[in-house]
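target_4.txt (compact mmCIF, C-alpha atoms)
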```txt
# COMPACT_ATOMS: atom_id res chain seq x y z
CA MET Z 1 4.72 80.80 -1.04
CA ARG Z 2 4.56 79.43 2.48
CA TYR Z 3 6.91 80.93 5.07
CA ASP Z 4 8.44 78.91 7.90
CA PHE Z 5 8.30 81.21 10.91
CA ASP Z 6 9.08 78.33 13.28
CA ARG Z 7 12.67 78.13 12.01
CA GLU Z 8 15.18 79.84 14.28
CA VAL Z 9 17.57 82.08 12.35
CA ASP Z 10 21.04 82.50 13.86
CA ARG Z 11 21.67 86.26 13.98
CA ARG Z 12 25.24 86.02 15.28
CA GLY Z 13 27.80 88.09 13.44
CA THR Z 14 25.26 90.53 11.97
CA ASP Z 15 25.89 93.33 14.52
CA THR Z 16 22.28 92.96 15.65
CA LEU Z 17 21.35 95.32 18.48
CA LYS Z 18 18.80 92.82 19.78
CA TRP Z 19 21.08 89.83 20.22
CA GLU Z 20 24.59 91.31 20.48
CA PHE Z 21 24.23 94.46 22.60
CA MET Z 22 22.90 95.45 25.99
CA GLN Z 23 22.14 98.88 27.35
CA ALA Z 24 24.90 100.34 29.51
CA GLY Z 25 23.19 101.98 32.49
CA GLU Z 26 20.44 104.55 31.92
CA ASP Z 27 21.96 106.23 28.86
CA LEU Z 28 20.10 105.15 25.72
CA LEU Z 29 23.02 106.27 23.55
CA HIS Z 30 25.52 103.83 25.04
CA TRP Z 31 25.42 100.09 24.53
CA GLU Z 32 27.85 97.31 25.36
CA HIS Z 33 28.70 94.53 22.94
CA THR Z 34 28.05 91.25 24.71
CA ASP Z 35 28.04 87.53 24.02
CA ARG Z 36 25.66 86.67 26.86
CA CYS Z 37 22.89 86.11 24.32
CA PHE Z 38 24.73 83.16 22.73
CA GLY Z 39 25.65 79.63 23.70
CA PRO Z 40 23.69 77.00 25.66
CA GLN Z 41 22.97 79.41 28.52
CA ARG Z 42 21.97 82.25 26.22
CA THR Z 43 19.84 85.08 27.47
CA LEU Z 44 16.76 85.35 25.29
CA PRO Z 45 16.27 88.94 24.03
CA LEU Z 46 12.59 89.78 23.58
CA TRP Z 47 12.84 93.52 24.02
CA VAL Z 48 13.54 95.81 21.05
CA ALA Z 49 10.81 95.87 18.39
CA ASP Z 50 12.33 93.97 15.53
CA MET Z 51 11.43 90.41 14.56
CA ASP Z 52 13.46 87.23 14.69
CA LEU Z 53 11.58 86.21 11.56
CA PRO Z 54 12.81 86.42 7.95
CA CYS Z 55 11.58 89.21 5.68
CA PRO Z 56 9.34 88.60 2.65
CA GLN Z 57 11.21 86.77 -0.10
CA PRO Z 58 10.38 89.46 -2.70
CA VAL Z 59 12.19 91.98 -0.48
CA VAL Z 60 15.24 89.74 -0.14
CA ASP Z 61 15.29 89.12 -3.92
CA ALA Z 62 15.01 92.83 -4.70
CA LEU Z 63 17.82 93.73 -2.28
CA VAL Z 64 20.12 91.02 -3.63
CA ALA Z 65 19.49 92.13 -7.21
CA ARG Z 66 20.23 95.76 -6.32
CA ALA Z 67 23.37 94.81 -4.36
CA GLN Z 68 24.69 92.85 -7.33
CA HIS Z 69 24.61 96.01 -9.44
CA GLY Z 70 27.74 97.08 -7.61
CA ILE Z 71 27.21 100.86 -7.52
CA TYR Z 72 25.37 102.44 -4.60
CA GLY Z 73 25.35 106.14 -5.36
CA TYR Z 74 23.02 108.90 -4.24
CA THR Z 75 19.40 107.84 -4.63
CA ASP Z 76 16.20 109.86 -4.85
CA ARG Z 77 12.52 109.03 -4.68
CA THR Z 78 10.85 108.14 -7.96
CA GLU Z 79 7.22 108.05 -9.02
CA ALA Z 80 7.37 104.27 -8.56
CA TYR Z 81 8.47 104.77 -4.95
CA TYR Z 82 5.64 107.17 -4.18
CA GLN Z 83 3.08 104.93 -5.87
CA SER Z 84 4.16 101.95 -3.76
CA VAL Z 85 3.31 103.94 -0.62
CA VAL Z 86 0.10 105.37 -2.10
CA GLY Z 87 -1.05 101.93 -3.29
CA TRP Z 88 -0.41 100.30 0.09
CA MET Z 89 -2.34 102.91 2.03
CA ARG Z 90 -5.25 102.62 -0.41
CA ARG Z 91 -5.40 98.80 -0.43
CA ARG Z 92 -4.80 98.12 3.25
CA HIS Z 93 -6.47 101.11 4.88
CA GLY Z 94 -8.73 102.86 2.38
CA TRP Z 95 -6.65 106.01 2.73
CA GLU Z 96 -6.10 108.13 -0.39
CA VAL Z 97 -2.67 109.73 -0.08
CA ALA Z 98 -1.39 112.25 -2.61
CA PRO Z 99 2.27 111.62 -3.57
CA GLU Z 100 3.23 115.22 -2.81
CA TRP Z 101 2.19 114.74 0.84
CA ILE Z 102 5.05 112.26 1.41
CA LEU Z 103 8.38 113.31 2.91
CA THR Z 104 11.02 110.69 3.70
CA THR Z 105 13.23 110.45 6.79
CA PRO Z 106 15.70 107.84 8.09
CA GLY Z 107 13.17 106.54 10.61
CA VAL Z 108 10.19 107.73 12.63
CA VAL Z 109 12.25 108.52 15.75
CA PRO Z 110 14.53 110.96 13.86
CA ALA Z 111 11.36 112.48 12.39
CA LEU Z 112 9.89 113.01 15.86
CA ASN Z 113 13.02 114.84 16.96
CA MET Z 114 12.90 117.07 13.89
CA LEU Z 115 9.17 117.70 14.29
CA VAL Z 116 9.71 118.97 17.82
CA ARG Z 117 12.37 121.36 16.56
CA THR Z 118 10.14 122.45 13.68
CA PHE Z 119 7.00 123.35 15.59
CA LEU Z 120 8.17 124.27 19.11
CA SER Z 121 10.31 126.96 20.65
CA PRO Z 122 12.57 126.06 23.60
CA GLY Z 123 10.56 125.61 26.78
CA GLU Z 124 7.24 124.87 25.08
CA LYS Z 125 5.48 121.59 25.81
CA VAL Z 126 4.49 118.37 24.05
CA LEU Z 127 1.63 116.17 25.26
CA ILE Z 128 2.08 112.40 25.31
CA GLN Z 129 0.08 109.53 26.83
CA PRO Z 130 2.18 107.35 29.12
CA PRO Z 131 3.01 104.59 29.58
CA VAL Z 132 4.28 105.19 26.08
CA TYR Z 133 7.17 104.41 23.71
CA TYR Z 134 10.16 105.86 25.54
CA PRO Z 135 11.86 107.62 22.57
CA PHE Z 136 8.93 110.07 22.76
CA PHE Z 137 10.42 111.39 25.99
CA SER Z 138 13.90 111.83 24.56
CA ALA Z 139 12.65 113.36 21.29
CA ILE Z 140 10.99 116.07 23.37
CA GLN Z 141 13.61 116.65 26.05
CA ASN Z 142 16.63 116.46 23.75
CA ASN Z 143 15.17 119.32 21.73
CA ARG Z 144 14.67 121.70 24.66
CA ALA Z 145 10.94 121.13 25.03
CA ALA Z 146 9.02 119.83 28.05
CA VAL Z 147 6.92 116.70 28.47
CA VAL Z 148 3.28 116.95 29.55
CA GLY Z 149 1.74 113.60 30.45
CA ASN Z 150 -1.88 112.67 29.87
CA PRO Z 151 -1.65 109.18 31.41
CA LEU Z 152 -3.84 106.40 30.10
CA LEU Z 153 -6.23 104.72 32.54
CA LEU Z 154 -6.17 100.94 33.06
CA GLU Z 155 -9.69 99.71 33.72
CA GLY Z 156 -10.76 96.08 33.62
CA GLY Z 157 -7.57 94.99 31.92
CA ARG Z 158 -7.90 97.55 29.09
CA TYR Z 159 -6.47 101.03 28.71
CA ARG Z 160 -8.49 104.09 27.74
CA MET Z 161 -7.84 107.81 27.36
CA ASP Z 162 -8.53 110.16 30.29
CA TRP Z 163 -10.63 112.80 28.51
CA ASP Z 164 -11.03 115.16 31.46
CA ASP Z 165 -7.30 115.20 32.09
CA LEU Z 166 -6.65 115.65 28.35
CA GLU Z 167 -8.85 118.76 28.32
CA ALA Z 168 -7.00 120.17 31.31
CA ARG Z 169 -3.57 119.53 29.79
CA LEU Z 170 -4.49 121.00 26.41
CA SER Z 171 -5.75 124.15 28.15
CA ASP Z 172 -2.15 125.03 28.96
CA PRO Z 173 -1.15 127.56 26.25
CA GLN Z 174 2.42 126.27 26.41
CA VAL Z 175 1.32 122.89 25.00
CA ARG Z 176 2.14 123.25 21.29
CA MET Z 177 2.09 119.64 20.04
CA ALA Z 178 0.53 116.27 20.90
CA ILE Z 179 2.17 112.99 19.93
CA LEU Z 180 -0.36 110.19 19.51
CA CYS Z 181 0.80 106.56 19.51
CA SER Z 182 -1.60 104.68 17.22
CA PRO Z 183 -1.69 101.71 17.66
CA HIS Z 184 -0.35 102.33 21.13
CA ASN Z 185 3.03 100.98 22.17
CA PRO Z 186 3.30 99.35 24.72
CA VAL Z 187 -0.32 98.87 25.84
CA GLY Z 188 -1.54 97.58 22.47
CA ARG Z 189 -4.69 99.66 22.07
CA VAL Z 190 -6.02 100.15 18.55
CA TRP Z 191 -7.91 103.39 18.95
CA THR Z 192 -11.43 103.50 17.50
CA ARG Z 193 -12.48 106.09 14.95
CA ASP Z 194 -14.59 107.79 17.63
CA GLU Z 195 -11.64 107.97 20.04
CA LEU Z 196 -9.36 109.38 17.37
CA SER Z 197 -11.92 111.97 16.28
CA ARG Z 198 -12.52 113.08 19.86
CA PHE Z 199 -8.78 113.37 20.48
CA GLY Z 200 -8.28 115.26 17.22
CA ARG Z 201 -11.14 117.68 17.85
CA MET Z 202 -9.88 118.51 21.33
CA CYS Z 203 -6.41 119.23 19.98
CA LEU Z 204 -7.79 121.32 17.13
CA GLU Z 205 -9.94 123.39 19.50
CA HIS Z 206 -6.80 124.29 21.45
CA GLY Z 207 -4.65 124.94 18.38
CA VAL Z 208 -2.41 121.93 19.08
CA PRO Z 209 -1.12 119.99 16.03
CA VAL Z 210 -1.26 116.19 16.26
CA VAL Z 211 1.70 114.01 15.32
CA SER Z 212 0.32 110.49 14.89
CA ASP Z 213 2.94 107.73 15.09
CA GLU Z 214 1.35 104.91 13.06
CA ILE Z 215 4.38 102.69 12.60
CA HIS Z 216 2.46 99.65 13.93
CA GLY Z 217 -0.65 100.38 11.86
CA ASP Z 218 -0.40 97.23 9.74
CA LEU Z 219 0.00 94.94 12.75
CA VAL Z 220 -3.46 94.48 14.23
CA ARG Z 221 -5.28 91.42 15.54
CA ARG Z 222 -7.88 89.65 13.47
CA GLY Z 223 -11.22 91.35 14.02
CA GLN Z 224 -9.65 94.73 14.81
CA THR Z 225 -9.71 97.71 12.43
CA PHE Z 226 -6.91 100.24 12.32
CA THR Z 227 -8.03 103.77 11.46
CA PRO Z 228 -5.34 106.04 9.99
CA PHE Z 229 -5.59 109.56 11.36
CA GLY Z 230 -5.54 110.70 7.75
CA THR Z 231 -9.01 109.21 7.15
CA LEU Z 232 -10.74 111.41 9.74
CA GLU Z 233 -12.59 114.67 9.08
CA GLN Z 234 -10.63 117.05 6.85
CA ALA Z 235 -10.27 119.72 9.54
CA LEU Z 236 -8.52 117.17 11.77
CA VAL Z 237 -6.36 115.83 8.94
CA GLN Z 238 -5.17 119.34 8.11
CA ASN Z 239 -3.96 119.66 11.72
CA ALA Z 240 -1.92 116.46 11.59
CA VAL Z 241 1.42 114.90 10.69
CA ILE Z 242 1.19 111.13 10.15
CA CYS Z 243 4.36 109.05 10.64
CA THR Z 244 4.49 105.73 8.80
CA ALA Z 245 7.14 103.20 7.80
CA PRO Z 246 7.44 99.66 6.44
CA SER Z 247 9.99 98.87 9.15
CA LYS Z 248 7.82 97.19 11.79
CA THR Z 249 5.43 95.64 9.27
CA PHE Z 250 8.10 93.87 7.23
CA ASN Z 251 11.06 93.75 9.67
CA LEU Z 252 13.10 96.39 7.83
CA ALA Z 253 14.12 98.60 10.76
CA GLY Z 254 17.82 98.46 9.94
CA LEU Z 255 17.20 99.98 6.50
CA GLN Z 256 16.00 103.20 8.17
CA ALA Z 257 13.33 104.38 5.79
CA SER Z 258 10.08 106.08 6.79
CA ASN Z 259 7.36 108.12 5.14
CA ILE Z 260 6.05 111.20 6.91
CA ILE Z 261 2.69 112.10 5.40
CA ILE Z 262 1.58 115.73 5.81
CA PRO Z 263 -1.56 116.79 3.90
CA ASN Z 264 -1.39 120.41 5.12
CA PRO Z 265 0.92 122.33 2.74
CA ASP Z 266 2.02 124.85 5.39
CA LEU Z 267 2.97 122.17 7.92
CA ARG Z 268 4.65 120.20 5.14
CA ALA Z 269 6.71 123.19 3.99
CA ARG Z 270 7.86 123.90 7.53
CA PHE Z 271 8.96 120.32 8.09
CA GLY Z 272 10.58 120.20 4.66
CA ALA Z 273 12.64 123.26 5.62
CA THR Z 274 13.87 121.39 8.70
CA LEU Z 275 14.93 118.44 6.54
CA GLN Z 276 16.88 120.82 4.33
CA SER Z 277 18.54 122.55 7.28
CA ASP Z 278 19.57 119.17 8.68
CA GLY Z 279 21.11 118.22 5.33
CA LEU Z 280 18.68 115.36 4.73
CA PHE Z 281 17.87 114.75 1.08
CA GLY Z 282 17.30 111.68 -1.05
CA ILE Z 283 16.82 108.24 0.46
CA ASN Z 284 18.89 105.21 1.39
CA VAL Z 285 19.28 103.12 -1.75
CA PHE Z 286 18.39 99.84 -0.06
CA GLY Z 287 15.61 101.43 1.99
CA SER Z 288 14.01 102.58 -1.24
CA VAL Z 289 14.28 99.17 -2.89
CA ALA Z 290 12.94 97.34 0.18
CA THR Z 291 10.02 99.74 0.65
CA GLN Z 292 8.84 99.28 -2.91
CA ALA Z 293 9.23 95.50 -2.87
CA ALA Z 294 7.46 95.19 0.48
CA TYR Z 295 4.51 97.42 -0.34
CA ASN Z 296 4.10 95.99 -3.85
CA HIS Z 297 4.70 92.30 -3.14
CA GLY Z 298 4.69 91.70 0.64
CA GLU Z 299 1.00 91.29 1.37
CA GLU Z 300 0.96 87.48 1.19
CA TRP Z 301 3.82 87.35 3.71
CA LEU Z 302 2.08 89.81 6.02
CA GLU Z 303 -1.12 87.76 6.14
CA GLN Z 304 0.87 84.69 7.18
CA LEU Z 305 2.81 86.73 9.72
CA LEU Z 306 -0.36 88.07 11.36
CA ASP Z 307 -1.68 84.51 11.75
CA TYR Z 308 1.61 83.42 13.32
CA ILE Z 309 1.71 86.33 15.78
CA ASP Z 310 -1.91 85.61 16.74
CA GLY Z 311 -0.84 82.04 17.48
CA ASN Z 312 2.07 83.24 19.62
CA LEU Z 313 -0.28 85.58 21.48
CA ASP Z 314 -2.76 82.77 22.13
CA TYR Z 315 0.07 80.65 23.52
CA LEU Z 316 1.39 83.44 25.75
CA GLU Z 317 -2.00 84.41 27.14
CA SER Z 318 -2.91 80.80 27.93
CA PHE Z 319 0.48 80.08 29.51
CA VAL Z 320 0.51 83.19 31.66
CA ARG Z 321 -3.07 82.68 32.80
CA GLU Z 322 -2.55 79.03 33.72
CA ARG Z 323 1.12 78.83 34.75
CA ILE Z 324 2.13 82.32 35.95
CA PRO Z 325 -1.05 83.64 37.62
CA ARG Z 326 0.81 86.38 39.48
CA ILE Z 327 1.49 88.05 36.12
CA LYS Z 328 -1.37 89.46 34.04
CA SER Z 329 -1.04 90.02 30.30
CA ILE Z 330 -2.80 93.05 28.81
CA HIS Z 331 -4.40 91.82 25.58
CA PRO Z 332 -2.89 93.76 22.63
CA GLU Z 333 -5.35 94.75 19.93
CA GLY Z 334 -2.35 95.68 17.78
CA THR Z 335 1.47 95.46 17.55
CA TYR Z 336 3.52 92.32 18.29
CA LEU Z 337 4.31 93.58 21.79
CA VAL Z 338 2.61 92.43 24.99
CA TRP Z 339 2.42 94.51 28.17
CA LEU Z 340 2.85 92.29 31.24
CA ASP Z 341 1.48 93.46 34.59
CA CYS Z 342 3.94 92.09 37.16
CA ARG Z 343 2.84 94.21 40.12
CA ASP Z 344 1.49 91.23 42.06
CA LEU Z 345 5.06 89.93 42.35
CA GLY Z 346 5.65 92.70 44.91
CA LEU Z 347 9.03 93.75 43.49
CA ASP Z 348 10.40 97.24 43.00
CA LYS Z 349 11.57 98.18 39.51
CA CYS Z 350 15.19 97.17 40.08
CA ALA Z 351 14.29 93.81 41.64
CA LEU Z 352 11.89 93.07 38.80
CA LYS Z 353 14.59 93.84 36.25
CA ARG Z 354 17.03 91.52 38.05
CA LEU Z 355 14.43 88.76 38.20
CA MET Z 356 13.89 88.79 34.45
CA LEU Z 357 17.45 89.40 33.28
CA ASP Z 358 19.55 87.56 35.86
CA GLU Z 359 17.24 84.86 37.20
CA ALA Z 360 15.07 84.06 34.17
CA ARG Z 361 17.78 85.08 31.65
CA VAL Z 362 15.13 86.84 29.57
CA TYR Z 363 15.88 90.36 28.33
CA LEU Z 364 12.62 92.34 28.22
CA ASP Z 365 11.90 96.07 28.13
CA ASP Z 366 11.46 97.41 31.65
CA GLY Z 367 8.13 99.10 32.18
CA PHE Z 368 9.58 102.13 33.97
CA LEU Z 369 11.27 103.17 30.72
CA PHE Z 370 7.81 104.04 29.39
CA GLY Z 371 7.18 106.48 32.23
CA SER Z 372 6.47 106.14 35.93
CA GLU Z 373 3.06 104.69 35.01
CA GLY Z 374 4.91 101.64 33.69
CA GLU Z 375 6.62 100.67 36.94
CA GLY Z 376 5.83 97.06 37.77
CA PHE Z 377 5.30 96.14 34.12
CA GLN Z 378 7.46 94.49 31.46
CA ARG Z 379 7.11 94.57 27.67
CA ILE Z 380 7.73 91.37 25.73
CA ASN Z 381 8.19 91.04 21.95
CA ILE Z 382 6.42 87.94 20.61
CA ALA Z 383 7.56 88.30 16.96
CA CYS Z 384 9.88 85.32 17.20
CA PRO Z 385 9.84 81.58 16.52
CA ARG Z 386 7.46 79.93 18.98
CA SER Z 387 10.27 77.78 20.38
CA ILE Z 388 12.00 80.92 21.70
CA LEU Z 389 8.77 82.21 23.23
CA VAL Z 390 8.12 78.83 24.87
CA GLN Z 391 11.61 78.84 26.44
CA ALA Z 392 11.25 82.42 27.64
CA LEU Z 393 7.89 81.89 29.31
CA GLU Z 394 9.05 78.71 31.01
CA ARG Z 395 12.09 80.54 32.39
CA ILE Z 396 9.85 83.32 33.72
CA ARG Z 397 7.60 80.73 35.33
CA VAL Z 398 10.50 79.04 37.12
CA ALA Z 399 11.98 82.36 38.26
CA THR Z 400 8.70 83.64 39.68
CA GLU Z 401 8.05 80.39 41.53
CA ARG Z 402 11.37 80.81 43.35
CA LEU Z 403 10.23 84.10 44.90
```
Rewrite the structure from the file as structure tokens, please.
Amino acid sequence: MRYDFDREVDRRGTDTLKWEFMQAGEDLLHWEHTDRCFGPQRTLPLWVADMDLPCPQPVVDALVARAQHGIYGYTDRTEAYYQSVVGWMRRRHGWEVAPEWILTTPGVVPALNMLVRTFLSPGEKVLIQPPVYYPFFSAIQNNRAAVVGNPLLLEGGRYRMDWDDLEARLSDPQVRMAILCSPHNPVGRVWTRDELSRFGRMCLEHGVPVVSDEIHGDLVRRGQTFTPFGTLEQALVQNAVICTAPSKTFNLAGLQASNIIIPNPDLRARFGATLQSDGLFGINVFGSVATQAAYNHGEEWLEQLLDYIDGNLDYLESFVRERIPRIKSIHPEGTYLVWLDCRDLGLDKCALKRLMLDEARVYLDDGFLFGSEGEGFQRINIACPRSILVQALERIRVATERL
């Protein structure tokens, strides 16, 4: 079937974080319910990574059918569930996953928190590559570990890893884990097989396990190839935990279902013990249904979605280049997020936030949230009807011209 991604869907009254809440101060745990995102003067929220686009119809049909059953008791993973994950990884990525490698959690971010507790003692360190997805910072610090940054380098409008700095950071014996963002959020890099192998070998040489967050792995630009960490050399795979989920791919984030794939039986047993100690067993009934429907029947929808996001990206890049020349867009090879370099506006981080939120009435993710390396940047989510993106970019243009 053909999907109409141009149609705006009214999300009022659904308790949506994106449209009905705003962060209260610096505390990521506290949010204020607000109506500023509604009405003729609505603020356009293009921040948090969920889509303003409807899910695949087979997912909707499966959820409705399950809801009509009327009983929503404890649910466990079945062979059909595991095979939906295994089949998807094989078809889309050429990755052969054994069902017993799969552990489920209520999201990748909860998994990251539990992984830190599983593999680190208080005071030990986790390496990350800022500017990077800001829950990485909290997953580390909230669990009494320390952050070690291996900042990415921006050269010629494209980010790359700093290999010399990575070697120096990994040489610290207190570094006991590395979290890899692949594809990278927010800078949009889709790491090549050579880059991933080099990163993995360096970590292995220093006895540092790799946790690869691959939640955006299905969302890559045409012509790009995503390489799952699990398809690298076996020695590297046995040193890795791979975090996956259907949530970003199919817009299922609110169903809170993820699949943590751990080929190494020792690492898997240790993480499984943490799940048990945290009282996590089974799976959300609707998360299970949606995962199976999406992986088994959502491919046609995904192909149309990727074309639509590519069209939105083409529009944004052309508009910014021609109409807002003081802002530079970093071309994303993957994800539906675009990293905007606003440093030529000459604003500090607070003034830039006020410009976007109060003057342009566009709610973006502030770059400084992703680490100090992100100051002067903004992250915009383009997984929305094009009419919303057009309005948002025009508002940003007008606001910047007033400076």
Requested in this report: Would you list the residues near (18.7, 81.5, 13.7) (no more than 10 Å away, in the coordinates of the file, using all atoms listed in the file) as a list of chain:residue names?
Outcome: Z:Arg7, Z:Glu8, Z:Val9, Z:Asp10, Z:Arg11, Z:Arg12, Z:Asp52, Z:Leu53, Z:Pro54, Z:Pro385
Query raised in the report: Which neighbours of Leu112 in chain Z fall inside 12 Å, counting only C-alpha atoms, when residues of the same chain fewer than 3 positions from it are skipped, and could you give them as JSON, numbers by chain?
Result: {"Z": [105, 106, 107, 108, 109, 115, 116, 117, 118, 119, 120, 126, 133, 135, 136, 137, 138, 139, 140, 141, 142, 143, 177, 178, 179, 180, 181, 210, 211, 212, 213, 241, 242, 243, 244, 258, 260, 271, 274, 275]}
Give me, as an mmCIF file with C-alpha atoms, in the frame of the given file, all polymer residues having an atom no more than 9 Å from Met51 in chain Z, counting only C-alpha atoms and skipping those fewer than 4 positions away in the same chain.
```
data_model
loop_
_atom_site.group_PDB
_atom_site.id
_atom_site.type_symbol
_atom_site.label_atom_id
_atom_site.label_comp_id
_atom_site.auth_asym_id
_atom_site.auth_seq_id
_atom_site.Cartn_x
_atom_site.Cartn_y
_atom_site.Cartn_z
ATOM 1 C CA CYS Z 55 11.580 89.210 5.680
ATOM 2 C CA LYS Z 248 7.820 97.190 11.790
ATOM 3 C CA PHE Z 250 8.100 93.870 7.230
ATOM 4 C CA ASN Z 251 11.060 93.750 9.670
ATOM 5 C CA TYR Z 336 3.520 92.320 18.290
ATOM 6 C CA ASN Z 381 8.190 91.040 21.950
ATOM 7 C CA ILE Z 382 6.420 87.940 20.610
ATOM 8 C CA ALA Z 383 7.560 88.300 16.960
ATOM 9 C CA CYS Z 384 9.880 85.320 17.200
#
```
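CA of Gln174 in chain Z is found 9.8 Å from CA of Ser121 in chain Z.
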Could you pull out every residue with an atom within 8 Å of (10.9, 92.5, 23.2), file coordinates, counting all atoms listed in the file, and send them as a PDB file with C-alpha atoms, in the frame of the given file?
```pdb
ATOM      1  CA  PRO Z  45      16.270  88.940  24.030  1.00  0.00           C
ATOM      2  CA  LEU Z  46      12.590  89.780  23.580  1.00  0.00           C
ATOM      3  CA  TRP Z  47      12.840  93.520  24.020  1.00  0.00           C
ATOM      4  CA  VAL Z  48      13.540  95.810  21.050  1.00  0.00           C
ATOM      5  CA  ALA Z  49      10.810  95.870  18.390  1.00  0.00           C
ATOM      6  CA  ASP Z  50      12.330  93.970  15.530  1.00  0.00           C
ATOM      7  CA  LEU Z 337       4.310  93.580  21.790  1.00  0.00           C
ATOM      8  CA  TYR Z 363      15.880  90.360  28.330  1.00  0.00           C
ATOM      9  CA  LEU Z 364      12.620  92.340  28.220  1.00  0.00           C
ATOM     10  CA  ASP Z 365      11.900  96.070  28.130  1.00  0.00           C
ATOM     11  CA  ARG Z 379       7.110  94.570  27.670  1.00  0.00           C
ATOM     12  CA  ILE Z 380       7.730  91.370  25.730  1.00  0.00           C
ATOM     13  CA  ASN Z 381       8.190  91.040  21.950  1.00  0.00           C
ATOM     14  CA  ILE Z 382       6.420  87.940  20.610  1.00  0.00           C
TER      15      ILE Z 382
END
```
Which residues of range 174-242 of chain Z come within 10 Å of range 297-316 of chain Z, and for each one, what is the closest pair of atoms and their distance in Å to one decimal, counting all atoms listed in the file, sorted by chain and residue number, as a Markdown table?
```
| residue | atom | partner | partner_atom | distance |
| --- | --- | --- | --- | --- |
| Z:Asp218 | CA | Z:Leu302 | CA | 8.7 |
| Z:Leu219 | CA | Z:Leu306 | CA | 7.0 |
| Z:Val220 | CA | Z:Leu306 | CA | 7.7 |
| Z:Arg221 | CA | Z:Asp310 | CA | 6.8 |
| Z:Arg222 | CA | Z:Asp310 | CA | 7.9 |
```
Query raised in the report: How many Å separate CA of Gln292 in chain Z from CA of Ala240 in chain Z?
Result: 24.9 Å
Query raised in the report: Closest to Tyr134 in chain Z among Z:Ala293, Z:Leu369, Z:Leu403, Z:Leu103, using only C-alpha atoms?
Result: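 Of all the options, Z:Leu369 lies closest to Tyr134 in chain Z.
Taking CA of Arg144 in chain Z and CA of Gly123 in chain Z as endpoints, the distance between them is 6.1 Å.
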Report task. Rank Z:Ala257, Z:Ile215, Z:Ala392, Z:Ala168 by their smallest atom-to-atom distance to Val285 in chain Z, using all atoms listed in the file, and report the top residue only. Result ->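 Under the stated criterion, the closest residue is Z:Ala257.
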Report task. Find the spatial neighbours of Pro173 in chain Z, counting only C-alpha atoms, within a cut-off of 12 Å - ignore same-chain residues fewer than 2 positions away - and output them as a PyMOL selection string. Result -> chain Z and resi 123-127+148+167-171+175-177+203+205-208
**Report entry** Using all atoms listed in the file: which of Z:Asp165, Z:Leu232, Z:Gln68, Z:Ser329 has the shortest distance to Asp194 in chain Z
**Finding:** Z:Leu232
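For the choices Z:Pro263, Z:Asp348, Z:Gln276, Z:Pro228, the atom-to-atom distance to Gly94 in chain Z is smallest for Z:Pro228 when using only C-alpha atoms.
Considering the residues Z:Arg201, Z:Asp366, Z:His216, Z:Tyr74 and counting all atoms listed in the file, Ala351 in chain Z has its shortest atom-to-atom contact with Z:Asp366.
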